[in-house]
Amino acid sequence: MNHQIMTMKPSSRSSDGKRFLLSCLTFILFLCALASINEIRFDSFLRFGRCAFSDVPSHNSSSQTSHASSNATSDDLRILIGILTLPDQYPRRHFLRLVYGTQSPVGARVDVKFVFCNLTKEDQKVLVALEIMMYDDIIILNCTENMNKGKTYTYFSSLPEIFNSSESDKPYPPYHYVMKGDDDTYFRLDNLVQSLRPLPRQDLYYGYVIPCPSMDPFVHYMSGMGYLVSWDIAEWVRESDIPKNHLEGPEDKVFGEWLRDGHKAKNRFNAKWSMYNFPVPPSGCTHELWPDTIAVHLLKNQEKWIQTLQYFNVTSNLKPSKLYHIP
């Protein structure tokens with residue numbers, strides 16, 4: 001009897017063990033299935049969240065006045081337009097951001113930045129800092145504010161230090177062309193880009209030839225309304241002693257003399273009469289507004305700006321909306 005009891009106990013234990021293992025395996029399978037279901041639900045929730053927030057705009061450095069084609073590539077033109085102005089010209093800068101921020105040149109990146117010398121007032125240190133935080137489109141040069149005593153030299157000679165990069169993923173040159181422009185000049189960016197496309201990207205000097213009757217870009221110099229050079233010339237300005245020793249005088253004329261004395265800018269392009277002064281009052285430098293315009297200069301008041309912008313129909317892309325009615 002005792003022997004039968006002894007032989008039955010192992011069998012009972014084995015049966016109990018199998019039931020326990022089966023229960024554990026079932027429970028583990030249940031947990032795996034539950035985890036899988038929850039993972040699917042969680043992924044779905046994440047996808048929903050991404051969809052819900054995908055159209056929410058974010059503020060970052062792209063808010064600067066930069067204009068690029070939606071399908072721009074590394075082979076497309078890169079252009080910097082530096083508009084020389086004064087720190088206190090807040091309304092003018094905000095207005096120009098509207099003017100250039102609504103233009104979309106094709107196949108090029110065009111950066112418009114506002115350039116002035118060191119800040120001298122306490123309010124400037126706050127207001128200009130806020131502009132930089134918002135728009136990231138200001139260059140402050142290490143100079144004392146001036147028109148014809150070296151500001152243009154400081155601008156061009158500072159560009160290589162500011163924009164050249166040793167990082168392998170950064171393009172070189174950072175810009176194919178750099179321009180100095182006035183804040184009373186209206187540039188039509190797409191026409192500017194199209195005019196530059198067939199031109200050399202080395203040793204180039206581009207603009208409106210002075211004196212006004214001249215059509216020969218090798219005789220004199222380009223008007224200060226807006227002249228452009230290739231990146232290698234900006235690097236030459238920084239490295240050469242010729243500009244350093246000749247800073248004072250009408251800045252556009254002095255710049256032309258640098259190039260003459262340094263035997264630079266063997267490639268020159270006269271953009272006359274796509275660049276010109278506003279037609280009123282008439283002079284030898286003026287031209288009627290016309291579709292092939294690249295730049296209009298001497299927009300000294302609001303009336304001239306509005307007349308120019310209306311001629312070029314700059315609000316044609318305004319979409320209808322119930323939010324406003326503009327006849």
# chains A, B, ... in the order shown; residues from 1 in each chain; ligands from 1
call {"tool": "residues_around", "arguments": {"residues": "segment 183-199 of chain A", "least_positions_apart": "2", "cutoff": "8 Å", "atoms": "only C-alpha atoms", "output": "number ranges by chain"}}
result
A: 77, 83-85, 92, 100, 103-106, 108, 110, 181, 201, 225-226, 292-300
call {"tool": "select_by_dssp", "arguments": {"residues": "segment 73-183 of chain A", "states": "strand (DSSP E or B)", "output": "VMD selection string"}}
result
chain A and resid 77 to 84 108 to 116 138 to 140 149 177 to 182
call {"tool": "atom_distance", "arguments": {"atom1": "atom CA of Tyr172 of chain A", "atom2": "atom CA of Arg78 of chain A"}}
result
10.2 Å
call {"tool": "closest_residue", "arguments": {"among": "A:Ile81, A:Leu159, A:Leu289, A:Ile326", "to": "Gln310 of chain A", "atoms": "only C-alpha atoms"}}
result
A:Leu289
